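Worksheet: the structure to be examined is printed underneath.
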Amino acid sequence: MRTSGAKMWVRAGLFGVVVLVMAAAGFFFLKKPALDMNVPGARSLAPPVRIPPFALMDQRGRTFNNDSLAGNWTLAMIGYTYCPDICPTTLREMSSLYKQFDRPPDNIRAPRFVFFSVDPFRDRPEELGEYVGYFHKDFLGVTGKPEEINRLVTGLGLFYIYQDPQGVFIRDVLHKPAMDNYAVVHYSGLLFITPRGELAATLQPPLATDDILAVFRKLRAYYGE
């Protein structure tokens, strides 16, 4: 009887080991491999970063928040309309990109493009709308309260800071600088946001249409959306 009982314990132990091995194997095969972007300047975020809660408004005065990001891919950048270089350069490249979506060769649904202003003191909604509309009629310009903008940007691990004409940084971004001709030093990469409102990848300048398309296609195939 004692021997029989020992055999049962051995069998039970072996069964438990088999179950654990099978579970581990199943997890291994079900887990997605990391996404290899293979595009210069591109970085995939694994896991993707959830967009922190925010409440802003677009150039038409409509609420723009986390719900606004749901259901469609979004390409986005942070910047300001007085930007002398990187912002207009990026927007021109995005305009070129969206001409490709106007006549897609493979029926890819165009993502939304959003320009988040980090200069709410000068970028009023109507001026912001005129600025982004110059590059493409469907581009969205988004602004709002300084606190909301700062919460969104810092929540994503991005940065912006004001700078006076002498090159001195002004760390208080929640209040308008004393001078009118200040600059904004800011993160300059392109953001790829999933239809679930998660930051999935970034792409650093210099930007090229082919590279943006390549990253976008890889993300769509990877996430199945």
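Every chain in the structure tokens has a letter given in the order shown (A, B, ...), and although residue numbers restart at 1 in each chain, ligands are simply numbered from 1 in the order shown.
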*Name the residues in contact with Thr89 of chain A at a cut-off of 10 Å, using only C-alpha atoms, excluding same-chain residues fewer than 6 positions from it; report them as a VMD selection string.*
chain A and resid 83 95 205 to 207
*Report the residues of segment 16-207 of chain A whose backbone DSSP state falls under strand (DSSP E or B), written as a ChimeraX atom specification.*
/A:42-50,55-58,63-65,74-79,112-117,140-143,160-163,169-170,183-186,190-193,198-203
Dump N, CA and C atoms for the selected residues as a short mmCIF file (atom, residue, chain, number, x, y, z; two decimals), in the first residue's frame?
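Resulting contents of again-v4.cif:
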```cif
data_model
loop_
_atom_site.label_atom_id
_atom_site.label_comp_id
_atom_site.auth_asym_id
_atom_site.auth_seq_id
_atom_site.Cartn_x
_atom_site.Cartn_y
_atom_site.Cartn_z
N ALA A 42 13.38 55.32 -35.62
CA ALA A 42 12.10 54.80 -35.11
C ALA A 42 12.34 54.01 -33.83
N ARG A 43 11.40 54.14 -32.91
CA ARG A 43 11.47 53.41 -31.64
C ARG A 43 10.09 52.87 -31.30
N SER A 44 10.01 51.55 -31.13
CA SER A 44 8.76 50.92 -30.72
C SER A 44 8.71 50.85 -29.20
N LEU A 45 7.57 51.19 -28.61
CA LEU A 45 7.40 51.15 -27.16
C LEU A 45 6.67 49.87 -26.77
N ALA A 46 7.32 49.07 -25.97
CA ALA A 46 6.73 47.79 -25.56
C ALA A 46 6.83 47.65 -24.05
N PRO A 47 5.71 47.64 -23.34
CA PRO A 47 4.35 47.82 -23.89
C PRO A 47 4.10 49.27 -24.26
N PRO A 48 3.08 49.54 -25.08
CA PRO A 48 2.77 50.93 -25.42
C PRO A 48 2.36 51.74 -24.20
N VAL A 49 2.57 53.04 -24.26
CA VAL A 49 2.30 53.93 -23.13
C VAL A 49 0.88 54.47 -23.22
N ARG A 50 0.12 54.28 -22.17
CA ARG A 50 -1.25 54.80 -22.13
C ARG A 50 -1.22 56.31 -22.06
N ALA A 55 -7.76 67.04 -21.17
CA ALA A 55 -8.94 67.70 -21.75
C ALA A 55 -8.49 69.01 -22.37
N LEU A 56 -8.46 69.03 -23.71
CA LEU A 56 -8.05 70.22 -24.46
C LEU A 56 -9.15 70.57 -25.45
N MET A 57 -8.86 71.43 -26.43
CA MET A 57 -9.85 71.76 -27.46
C MET A 57 -9.15 71.98 -28.78
N ASP A 58 -9.88 71.69 -29.87
CA ASP A 58 -9.30 71.86 -31.19
C ASP A 58 -9.55 73.27 -31.71
N THR A 63 -14.21 70.00 -27.76
CA THR A 63 -13.41 69.26 -26.78
C THR A 63 -12.58 68.20 -27.47
N PHE A 64 -11.33 68.13 -27.07
CA PHE A 64 -10.43 67.08 -27.58
C PHE A 64 -9.78 66.44 -26.36
N ASN A 65 -10.12 65.14 -26.15
CA ASN A 65 -9.62 64.43 -24.98
C ASN A 65 -9.27 62.99 -25.35
N THR A 74 -3.64 57.73 -34.83
CA THR A 74 -3.34 59.16 -34.80
C THR A 74 -1.83 59.35 -34.91
N LEU A 75 -1.43 60.25 -35.79
CA LEU A 75 -0.05 60.73 -35.83
C LEU A 75 -0.07 62.11 -35.19
N ALA A 76 0.89 62.39 -34.34
CA ALA A 76 0.85 63.65 -33.60
C ALA A 76 2.24 64.20 -33.38
N MET A 77 2.29 65.49 -33.09
CA MET A 77 3.53 66.15 -32.71
C MET A 77 3.20 67.28 -31.75
N ILE A 78 4.19 67.70 -30.97
CA ILE A 78 4.02 68.90 -30.15
C ILE A 78 4.86 70.01 -30.78
N GLY A 79 4.37 71.25 -30.66
CA GLY A 79 5.08 72.37 -31.27
C GLY A 79 4.37 73.68 -30.99
N ARG A 112 -5.45 60.06 -38.34
CA ARG A 112 -5.68 61.47 -38.00
C ARG A 112 -4.33 62.11 -37.69
N PHE A 113 -4.17 63.41 -38.01
CA PHE A 113 -2.96 64.11 -37.63
C PHE A 113 -3.31 65.25 -36.68
N VAL A 114 -2.60 65.29 -35.54
CA VAL A 114 -2.88 66.29 -34.50
C VAL A 114 -1.60 67.04 -34.15
N PHE A 115 -1.72 68.36 -34.16
CA PHE A 115 -0.63 69.25 -33.76
C PHE A 115 -0.98 69.81 -32.38
N PHE A 116 -0.28 69.33 -31.34
CA PHE A 116 -0.52 69.79 -29.98
C PHE A 116 0.35 71.02 -29.71
N SER A 117 -0.27 72.17 -29.51
CA SER A 117 0.50 73.38 -29.22
C SER A 117 0.97 73.38 -27.77
N LEU A 140 -5.58 68.71 -37.46
CA LEU A 140 -6.16 69.28 -36.25
C LEU A 140 -5.10 70.00 -35.43
N GLY A 141 -5.45 71.23 -34.98
CA GLY A 141 -4.62 71.95 -34.04
C GLY A 141 -5.29 71.92 -32.68
N VAL A 142 -4.56 71.56 -31.65
CA VAL A 142 -5.15 71.39 -30.32
C VAL A 142 -4.40 72.24 -29.30
N THR A 143 -5.14 72.92 -28.45
CA THR A 143 -4.56 73.75 -27.40
C THR A 143 -5.44 73.66 -26.17
N TYR A 160 9.15 70.28 -22.99
CA TYR A 160 9.16 71.60 -23.62
C TYR A 160 9.53 72.61 -22.55
N ILE A 161 10.17 73.67 -22.96
CA ILE A 161 10.59 74.72 -22.03
C ILE A 161 10.70 76.02 -22.82
N TYR A 162 10.43 77.13 -22.18
CA TYR A 162 10.50 78.42 -22.84
C TYR A 162 11.92 78.98 -22.74
N GLN A 163 12.23 79.91 -23.67
CA GLN A 163 13.57 80.48 -23.73
C GLN A 163 13.49 81.94 -24.15
N PHE A 169 16.81 79.85 -20.31
CA PHE A 169 15.62 79.02 -20.19
C PHE A 169 14.68 79.55 -19.11
N ILE A 170 13.38 79.47 -19.40
CA ILE A 170 12.33 79.86 -18.46
C ILE A 170 11.57 78.58 -18.10
N ALA A 183 11.01 81.90 -27.28
CA ALA A 183 10.98 80.68 -28.10
C ALA A 183 10.57 79.51 -27.22
N VAL A 184 10.26 78.40 -27.87
CA VAL A 184 9.92 77.17 -27.14
C VAL A 184 10.84 76.06 -27.63
N VAL A 185 11.60 75.51 -26.73
CA VAL A 185 12.43 74.35 -27.04
C VAL A 185 11.61 73.12 -26.67
N HIS A 186 11.40 72.22 -27.63
CA HIS A 186 10.45 71.12 -27.39
C HIS A 186 10.88 69.84 -28.08
N LEU A 190 7.91 62.47 -34.04
CA LEU A 190 6.54 62.17 -34.46
C LEU A 190 6.01 61.04 -33.59
N LEU A 191 4.76 61.16 -33.14
CA LEU A 191 4.14 60.18 -32.25
C LEU A 191 3.13 59.33 -33.01
N PHE A 192 3.13 58.03 -32.77
CA PHE A 192 2.18 57.11 -33.37
C PHE A 192 1.29 56.56 -32.26
N ILE A 193 0.00 56.91 -32.31
CA ILE A 193 -0.94 56.57 -31.25
C ILE A 193 -1.98 55.58 -31.78
N GLU A 198 -3.03 54.65 -27.10
CA GLU A 198 -1.73 54.31 -26.52
C GLU A 198 -0.61 54.76 -27.45
N LEU A 199 0.43 55.31 -26.88
CA LEU A 199 1.60 55.70 -27.67
C LEU A 199 2.41 54.45 -27.97
N ALA A 200 2.45 54.08 -29.25
CA ALA A 200 3.07 52.81 -29.64
C ALA A 200 4.47 52.98 -30.19
N ALA A 201 4.78 54.14 -30.75
CA ALA A 201 6.10 54.33 -31.36
C ALA A 201 6.38 55.81 -31.56
N THR A 202 7.65 56.12 -31.73
CA THR A 202 8.07 57.48 -32.06
C THR A 202 9.04 57.42 -33.24
N LEU A 203 9.15 58.53 -33.94
CA LEU A 203 10.08 58.63 -35.06
C LEU A 203 10.76 59.99 -35.00
#
```
*Taking the DSSP assignment computed from this structure's backbone, write out as a list in words all residues of segment 42-108 of chain A that belong to helix (DSSP H, G or I).*
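Restricting segment 42-108 of chain A to helix (DSSP H, G or I) produces Asn66, Asp67, Ser68, Leu69, Ile86, Cys87, Pro88, Thr89, Thr90, Leu91, Arg92, Glu93, Met94, Ser95, Ser96, Leu97, Tyr98, Lys99, Gln100, Phe101 and Asp102 of chain A.
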*In Å, how far is it from atom CA of Gly167 of chain A to atom CA of Glu147 of chain A?*
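Interatomic distance, atom CA of Gly167 of chain A to atom CA of Glu147 of chain A: 24.1 Å.
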Extract, using only C-alpha atoms, all DNA, RNA and protein residues at most 10 Å from Asp67 of chain A, discarding same-chain residues fewer than 3 positions from it, and format them as a PDB file with N, CA and C atoms, in the first residue's frame.
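Saved as selection.pdb:
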```pdb
ATOM      1  N   PRO A  53      -4.870  60.985 -18.805  1.00  0.00           N
ATOM      2  CA  PRO A  53      -6.118  61.752 -18.968  1.00  0.00           C
ATOM      3  C   PRO A  53      -5.822  63.223 -19.257  1.00  0.00           C
ATOM      4  N   PHE A  54      -6.514  63.778 -20.259  1.00  0.00           N
ATOM      5  CA  PHE A  54      -6.337  65.185 -20.602  1.00  0.00           C
ATOM      6  C   PHE A  54      -7.629  65.730 -21.189  1.00  0.00           C
ATOM      7  N   ALA A  55      -7.764  67.039 -21.168  1.00  0.00           N
ATOM      8  CA  ALA A  55      -8.941  67.702 -21.746  1.00  0.00           C
ATOM      9  C   ALA A  55      -8.494  69.012 -22.373  1.00  0.00           C
ATOM     10  N   THR A  63     -14.206  69.998 -27.761  1.00  0.00           N
ATOM     11  CA  THR A  63     -13.413  69.262 -26.783  1.00  0.00           C
ATOM     12  C   THR A  63     -12.575  68.195 -27.471  1.00  0.00           C
ATOM     13  N   PHE A  64     -11.327  68.126 -27.074  1.00  0.00           N
ATOM     14  CA  PHE A  64     -10.430  67.082 -27.577  1.00  0.00           C
ATOM     15  C   PHE A  64      -9.785  66.436 -26.358  1.00  0.00           C
ATOM     16  N   ALA A  70      -9.886  57.602 -29.732  1.00  0.00           N
ATOM     17  CA  ALA A  70     -10.382  56.231 -29.875  1.00  0.00           C
ATOM     18  C   ALA A  70     -10.883  55.958 -31.296  1.00  0.00           C
ATOM     19  N   GLY A  71     -10.625  54.751 -31.757  1.00  0.00           N
ATOM     20  CA  GLY A  71     -11.218  54.279 -33.001  1.00  0.00           C
ATOM     21  C   GLY A  71     -10.426  54.539 -34.266  1.00  0.00           C
ATOM     22  N   PRO A 195      -5.473  53.135 -32.005  1.00  0.00           N
ATOM     23  CA  PRO A 195      -6.906  53.432 -31.832  1.00  0.00           C
ATOM     24  C   PRO A 195      -7.413  53.212 -30.408  1.00  0.00           C
ATOM     25  N   ARG A 196      -6.578  52.651 -29.551  1.00  0.00           N
ATOM     26  CA  ARG A 196      -6.944  52.481 -28.142  1.00  0.00           C
ATOM     27  C   ARG A 196      -6.360  53.588 -27.267  1.00  0.00           C
ATOM     28  N   GLY A 197      -5.768  54.586 -27.898  1.00  0.00           N
ATOM     29  CA  GLY A 197      -5.234  55.702 -27.146  1.00  0.00           C
ATOM     30  C   GLY A 197      -3.928  55.402 -26.441  1.00  0.00           C
TER      31      GLY A 197
END
```
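Going from atom CA of Tyr223 of chain A to atom CA of Leu91 of chain A covers 26.1 Å.
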*Which residue gives the smallest distance to Pro111 of chain A among A:Val153, A:Ala214, A:Leu69, A:Met179, with only C-alpha atoms counted?*
A:Leu69
*In terms of the shortest atom-to-atom distance over only C-alpha atoms, which of A:Arg109, A:Leu156, A:Arg122, A:Gln100 is closest to Trp73 of chain A?*
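Result for the nearest residue to Trp73 of chain A: A:Arg109.
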_Residues within 10 Å of Asn181 of chain A, please, as a ChimeraX atom specification. Count only C-alpha atoms; anything in the same chain fewer than 4 positions from it doesn't count._
/A:82,163-165,177
*asked:* Considering only C-alpha atoms, can you say which of A:Arg151, A:Phe216, A:Gln59, A:Gly189 comes closest to Leu128 of chain A?
replied: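 Of A:Arg151, A:Phe216, A:Gln59, A:Gly189, the one nearest Leu128 of chain A, counting only C-alpha atoms, is A:Gln59.
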